[in-house]
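What follows is a short report on a single structure.
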Amino acid sequence: MVLREAKTIAALAFGLLLAAGAATAAVTGGGDKVEKRPSTVQTTFKSVDAVLAAQWDFPSTGLAPLVVMIPPGGRVDRNGWPPGADFELGKGVYERLAELLVDNGYAVFRFDAPGAGRSSPGHWATDRSNALEAYTRAIDHARVDTERVFLVGHGSGTATIGAIFERFEKANPLKGVALLGNQVGERLALSLTSPLLLVVGDKYPDDLYQHGRFVLDAREHNEGSKLETTLVSIEGSDSSLMQEVSDNGSPGLELRPEATRALLAWLSNHLG
């Protein structure tokens with residue numbers, strides 16, 4: 001059962017608000033007057049023996065392309081925080097990314113892993129079962145454009161996508177996959193047949209070469225047909241692609257601005 005409740009999105013500067021409005025119109029086909037609807041829809045879904053809490057974040061109007069976030073493994077909530085902090089936290093990396101995507105006209109689906117946020121612990125649920133069940137739930141909403149669905153993995157979440165890509169495709173064909181802080185190697189990357197964005201740091205050679213340039217080269221020289229691939233390296237960044245920020249004195253996290261710009265540009269180019 002889906003429960004709806006309103007969520008307040010942080011106010012943006014006037015210039016950014018105008019830009020976001022223009023981008024939303026371009027993505028949703030703007031111009032037509034459409035009744036505004038709740039921006040956040042809460043839901044739950046089952047992953048083996050765990051019940052996971054999740055939410056869609058929607059732009060205010062129209063049928064929207066969907067971004068499904070696949071976070072790193074372990075106990076991470078939908079905002080990007082592990083449980084157990086004994087101090088007030090600011091916005092997490094996925095909360096910030098979701099706000100940015102919604103401002104640009106995308107619906108976003110994110111979830112609490114077992115034992116984090118509002119999800120039950122479970123004993124047998126895995127990163128793969130969580131991701132696949134999340135994807136299946138995410139596409140099941142009337143405000144989602146199922147012909148324009150993207151997976152965005154981060155950290156070890158990229159490896160989860162690589163391991164079961166065919167099962168995502170079977171549930172609903174993907175418009176593209178973005179791997180932020182990629183951990184998928186060149187051989188496995190050949191099984192990802194959709195357009196692919198790789199965003200890696202260049203601080204350590206393994207990130208730049210093993211999970212970046214070697215993967216790009218393998219896909220460009222794939223036997224039979226070249227696989228569409230875009231590689232972006234973030235200067236001076238480690239594999240997390242994250243940086244600390246402050247929310248009125250509380251610690252927060254965000255993706256490096258170069259990474260979010262690369263993601264937004266790539267998504268826009270693949271809307272079709």
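Lettering and numbering for the structure tokens are positional, with chains as A, B, ... in the shown order, residues counted from 1 in each chain, and ligands counted from 1 in the shown order.
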Would you kindly return, as an NGL selection string, each protein, DNA or RNA residue with an atom no farther than 10 Å from any atom of segment 152-156 of chain A, considering only C-alpha atoms and excluding same-chain residues fewer than 2 positions away?
-> :A and (67-74 or 94 or 127 or 131 or 150 or 158-162 or 176-184 or 197 or 199-200 or 239-241 or 263)
Emit the selected residues as a tab-separated table (two decimals), in the first residue's frame, including N, CA and C atoms.
```
chain	number	residue	atom	x	y	z
A	67	VAL	N	14.74	7.91	-12.08
A	67	VAL	CA	16.08	7.50	-11.66
A	67	VAL	C	15.94	6.65	-10.41
A	68	VAL	N	16.43	5.42	-10.48
A	68	VAL	CA	16.42	4.51	-9.32
A	68	VAL	C	17.83	4.45	-8.77
A	69	MET	N	17.98	4.83	-7.50
A	69	MET	CA	19.30	4.85	-6.87
A	69	MET	C	19.63	3.50	-6.25
A	70	ILE	N	20.82	3.00	-6.57
A	70	ILE	CA	21.32	1.76	-5.96
A	70	ILE	C	22.56	2.13	-5.14
A	71	PRO	N	22.43	2.19	-3.82
A	71	PRO	CA	23.53	2.66	-2.97
A	71	PRO	C	24.55	1.55	-2.69
A	72	PRO	N	25.65	1.87	-2.03
A	72	PRO	CA	26.59	0.83	-1.61
A	72	PRO	C	25.91	-0.16	-0.67
A	73	GLY	N	26.50	-1.34	-0.54
A	73	GLY	CA	25.94	-2.35	0.35
A	73	GLY	C	26.07	-1.96	1.81
A	74	GLY	N	25.38	-2.72	2.66
A	74	GLY	CA	25.41	-2.44	4.09
A	74	GLY	C	24.22	-1.63	4.53
A	94	TYR	N	22.44	11.18	-0.89
A	94	TYR	CA	21.34	10.79	-1.79
A	94	TYR	C	20.15	11.73	-1.66
A	127	ASP	N	22.14	-7.52	-0.97
A	127	ASP	CA	22.20	-6.29	-1.76
A	127	ASP	C	21.50	-6.48	-3.11
A	131	ALA	N	18.12	-4.51	-4.32
A	131	ALA	CA	18.16	-3.67	-5.52
A	131	ALA	C	17.10	-4.07	-6.53
A	150	PHE	N	16.24	5.01	-15.60
A	150	PHE	CA	17.69	4.95	-15.45
A	150	PHE	C	18.05	4.35	-14.10
A	158	THR	N	27.38	-0.13	-7.73
A	158	THR	CA	27.66	-0.33	-9.16
A	158	THR	C	27.90	-1.81	-9.45
A	159	ALA	N	28.59	-2.51	-8.54
A	159	ALA	CA	28.84	-3.93	-8.71
A	159	ALA	C	27.54	-4.73	-8.65
A	160	THR	N	26.62	-4.29	-7.80
A	160	THR	CA	25.30	-4.95	-7.73
A	160	THR	C	24.59	-4.84	-9.07
A	161	ILE	N	24.62	-3.66	-9.67
A	161	ILE	CA	23.98	-3.48	-10.98
A	161	ILE	C	24.64	-4.39	-12.02
A	162	GLY	N	25.97	-4.42	-12.02
A	162	GLY	CA	26.68	-5.24	-13.00
A	162	GLY	C	26.35	-6.72	-12.85
A	176	GLY	N	19.29	3.73	-19.64
A	176	GLY	CA	20.72	3.87	-19.42
A	176	GLY	C	21.10	3.58	-17.99
A	177	VAL	N	22.41	3.40	-17.76
A	177	VAL	CA	22.94	3.10	-16.43
A	177	VAL	C	24.11	4.03	-16.16
A	178	ALA	N	24.11	4.66	-14.98
A	178	ALA	CA	25.22	5.51	-14.54
A	178	ALA	C	25.89	4.85	-13.35
A	179	LEU	N	27.21	4.68	-13.42
A	179	LEU	CA	27.98	4.05	-12.36
A	179	LEU	C	28.92	5.09	-11.76
A	180	LEU	N	28.57	5.58	-10.58
A	180	LEU	CA	29.33	6.63	-9.90
A	180	LEU	C	30.30	5.98	-8.92
A	181	GLY	N	31.61	6.23	-9.11
A	181	GLY	CA	32.59	5.50	-8.32
A	181	GLY	C	32.58	4.04	-8.72
A	182	ASN	N	32.66	3.80	-10.03
A	182	ASN	CA	32.46	2.47	-10.58
A	182	ASN	C	33.36	1.41	-9.97
A	183	GLN	N	32.78	0.19	-9.74
A	183	GLN	CA	33.54	-0.97	-9.29
A	183	GLN	C	33.36	-2.16	-10.22
A	184	VAL	N	32.75	-1.94	-11.37
A	184	VAL	CA	32.53	-3.01	-12.36
A	184	VAL	C	33.76	-3.10	-13.26
A	197	LEU	N	27.27	5.38	-18.34
A	197	LEU	CA	28.10	6.49	-17.86
A	197	LEU	C	29.00	5.97	-16.74
A	199	VAL	N	31.70	7.32	-13.96
A	199	VAL	CA	32.29	8.48	-13.30
A	199	VAL	C	33.25	7.96	-12.24
A	200	VAL	N	34.52	8.29	-12.38
A	200	VAL	CA	35.55	7.77	-11.48
A	200	VAL	C	36.45	8.90	-11.01
A	239	SER	N	37.54	7.33	-4.80
A	239	SER	CA	36.50	6.54	-5.44
A	239	SER	C	35.09	6.90	-4.98
A	240	SER	N	34.95	7.52	-3.81
A	240	SER	CA	33.61	7.84	-3.30
A	240	SER	C	32.97	8.99	-4.07
A	241	LEU	N	33.79	9.87	-4.65
A	241	LEU	CA	33.33	11.06	-5.36
A	241	LEU	C	32.58	12.03	-4.45
A	263	LEU	N	26.53	13.78	-14.51
A	263	LEU	CA	25.34	12.94	-14.47
A	263	LEU	C	24.14	13.63	-15.12
```
Can I get the residues of segment 133-186 of chain A within 9 Å of segment 41-55 of chain A, each with the closest pair of atoms and their distance in Å to one decimal, using only C-alpha atoms, sorted chain first then ascending number, as CSV?
```
residue,atom,partner,partner_atom,distance
A:Glu133,CA,A:Ser47,CA,6.2
A:Ala134,CA,A:Phe45,CA,7.3
A:Arg137,CA,A:Phe45,CA,6.9
A:Ala138,CA,A:Gln55,CA,8.6
```
Would you return as a count of residues only the members of segment 33-169 of chain A that DSSP assigns to alpha helix (DSSP H) on this structure's backbone?
-> 36
Any idea what the distance is between atom CA of Gly92 of chain A and atom CA of Thr146 of chain A?
->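 Those two atoms sit 27.2 Å apart.
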Have a look at A:Asn269, A:Ser246, A:Ser233, A:Ser119 and name the one nearest to Val76 of chain A; count only C-alpha atoms.
-> A:Ser119
Interatomic distance, atom CA of Ser60 of chain A to atom CA of Leu174 of chain A (Å, one decimal) =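 Interatomic distance here is 23.5 Å.
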Secondary structure check, strand (DSSP E) residues of segment 215-259 of chain A, as a PyMOL selection string = chain A and resi 229-234+242-247+250-255
What does the file look like for those residues with N, CA and C atoms, as a CSV table (one decimal), in the first residue's frame?
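New file part38.csv:
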```csv
chain,number,residue,atom,x,y,z
A,229,THR,N,29.4,4.2,-24.4
A,229,THR,CA,30.0,4.4,-23.1
A,229,THR,C,30.6,5.9,-23.0
A,230,THR,N,30.3,6.5,-21.9
A,230,THR,CA,30.9,7.8,-21.6
A,230,THR,C,31.7,7.7,-20.3
A,231,LEU,N,32.9,8.2,-20.3
A,231,LEU,CA,33.8,8.1,-19.2
A,231,LEU,C,34.1,9.6,-18.7
A,232,VAL,N,33.9,9.8,-17.4
A,232,VAL,CA,34.2,11.1,-16.8
A,232,VAL,C,35.1,10.9,-15.6
A,233,SER,N,36.3,11.5,-15.6
A,233,SER,CA,37.2,11.4,-14.4
A,233,SER,C,37.2,12.7,-13.6
A,234,ILE,N,37.1,12.6,-12.3
A,234,ILE,CA,37.0,13.8,-11.5
A,234,ILE,C,38.4,14.0,-10.9
A,242,MET,N,32.7,11.9,-3.1
A,242,MET,CA,32.0,12.7,-2.2
A,242,MET,C,32.9,13.8,-1.5
A,243,GLN,N,32.2,14.8,-1.0
A,243,GLN,CA,32.9,15.8,-0.2
A,243,GLN,C,32.0,16.2,1.0
A,244,GLU,N,32.6,16.6,2.1
A,244,GLU,CA,31.8,17.1,3.2
A,244,GLU,C,31.3,18.5,3.0
A,245,VAL,N,30.1,18.7,3.6
A,245,VAL,CA,29.5,20.1,3.6
A,245,VAL,C,28.9,20.3,5.0
A,246,SER,N,28.6,21.5,5.2
A,246,SER,CA,28.0,21.9,6.5
A,246,SER,C,26.6,22.4,6.3
A,247,ASP,N,25.6,21.8,7.1
A,247,ASP,CA,24.2,22.3,7.1
A,247,ASP,C,24.0,23.0,8.4
A,250,SER,N,25.7,21.3,11.1
A,250,SER,CA,25.6,19.8,11.1
A,250,SER,C,26.4,19.2,9.9
A,251,PRO,N,27.0,18.1,10.1
A,251,PRO,CA,27.8,17.5,9.0
A,251,PRO,C,26.9,17.0,7.9
A,252,GLY,N,27.2,17.2,6.7
A,252,GLY,CA,26.5,16.7,5.5
A,252,GLY,C,27.5,16.2,4.5
A,253,LEU,N,26.9,15.5,3.5
A,253,LEU,CA,27.7,14.9,2.4
A,253,LEU,C,27.1,15.2,1.1
A,254,GLU,N,27.9,15.4,0.0
A,254,GLU,CA,27.4,15.6,-1.3
A,254,GLU,C,28.3,15.0,-2.3
A,255,LEU,N,27.9,14.7,-3.5
A,255,LEU,CA,28.7,14.3,-4.6
A,255,LEU,C,29.5,15.5,-5.0
```
Distance table requested - segment 185-222 of chain A against segment 165-169 of chain A, cut-off 10 Å, only C-alpha atoms: one row per qualifying residue with the closest atom pair and its distance in Å to one decimal, ordered by chain and rising residue number, as JSON lines.
```
{"residue": "A:Leu188", "atom": "CA", "partner": "A:Phe165", "partner_atom": "CA", "distance": 9.8}
{"residue": "A:Ala189", "atom": "CA", "partner": "A:Phe165", "partner_atom": "CA", "distance": 9.7}
{"residue": "A:Ser191", "atom": "CA", "partner": "A:Phe165", "partner_atom": "CA", "distance": 7.5}
{"residue": "A:Leu192", "atom": "CA", "partner": "A:Phe165", "partner_atom": "CA", "distance": 6.3}
{"residue": "A:Thr193", "atom": "CA", "partner": "A:Phe165", "partner_atom": "CA", "distance": 8.7}
{"residue": "A:Ser194", "atom": "CA", "partner": "A:Glu169", "partner_atom": "CA", "distance": 9.1}
```
Output of the above residues as a short mmCIF file (atom, residue, chain, number, x, y, z; two decimals), in the first residue's frame, restricted to C-alpha atoms:
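Dumped everything to selection.cif:
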```
data_model
loop_
_atom_site.label_atom_id
_atom_site.label_comp_id
_atom_site.auth_asym_id
_atom_site.auth_seq_id
_atom_site.Cartn_x
_atom_site.Cartn_y
_atom_site.Cartn_z
CA LEU A 188 31.45 -7.77 -16.55
CA ALA A 189 30.87 -4.34 -18.08
CA SER A 191 27.11 -7.51 -20.17
CA LEU A 192 25.64 -4.04 -19.62
CA THR A 193 24.11 -3.50 -23.04
CA SER A 194 22.44 -0.14 -22.32
#
```
Do a neighbour search on Gly249 of chain A at 10 Å with only C-alpha atoms, toss out local chain neighbours closer than 6 positions, and write the hits as a PDB file with N, CA and C atoms, in the first residue's frame.
```
ATOM      1  N   GLU A  88      23.260  15.306  15.534  1.00  0.00           N
ATOM      2  CA  GLU A  88      22.356  15.676  14.449  1.00  0.00           C
ATOM      3  C   GLU A  88      23.099  15.716  13.119  1.00  0.00           C
ATOM      4  N   LEU A  89      22.524  15.043  12.127  1.00  0.00           N
ATOM      5  CA  LEU A  89      23.132  14.989  10.808  1.00  0.00           C
ATOM      6  C   LEU A  89      22.471  15.984   9.869  1.00  0.00           C
ATOM      7  N   GLY A  90      23.242  16.499   8.931  1.00  0.00           N
ATOM      8  CA  GLY A  90      22.687  17.318   7.861  1.00  0.00           C
ATOM      9  C   GLY A  90      22.160  16.426   6.749  1.00  0.00           C
TER      10      GLY A  90
END
```
Quick one: everything within 12 Å of Leu271 of chain A, counting only C-alpha atoms, minus sequence neighbours fewer than 5 positions away in the same chain. Send it as a list in words.
->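 The filter keeps Ala26, Val27, Thr28, Gly29, Ala64, Pro65, Leu66, Val67, Gly105, Tyr106, Asp145, Thr146, Glu147, Arg148, Val149, Phe150, Leu174, Lys175, Gly176, Pro195, Leu264, Ala265 and Trp266 of chain A.
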Quick one: residues within 8 Å of Arg219 of chain A, only C-alpha atoms counted, chain neighbours fewer than 2 positions away excluded, as a ChimeraX atom specification?
-> /A:186,189-190,215-217,221-222,226-229
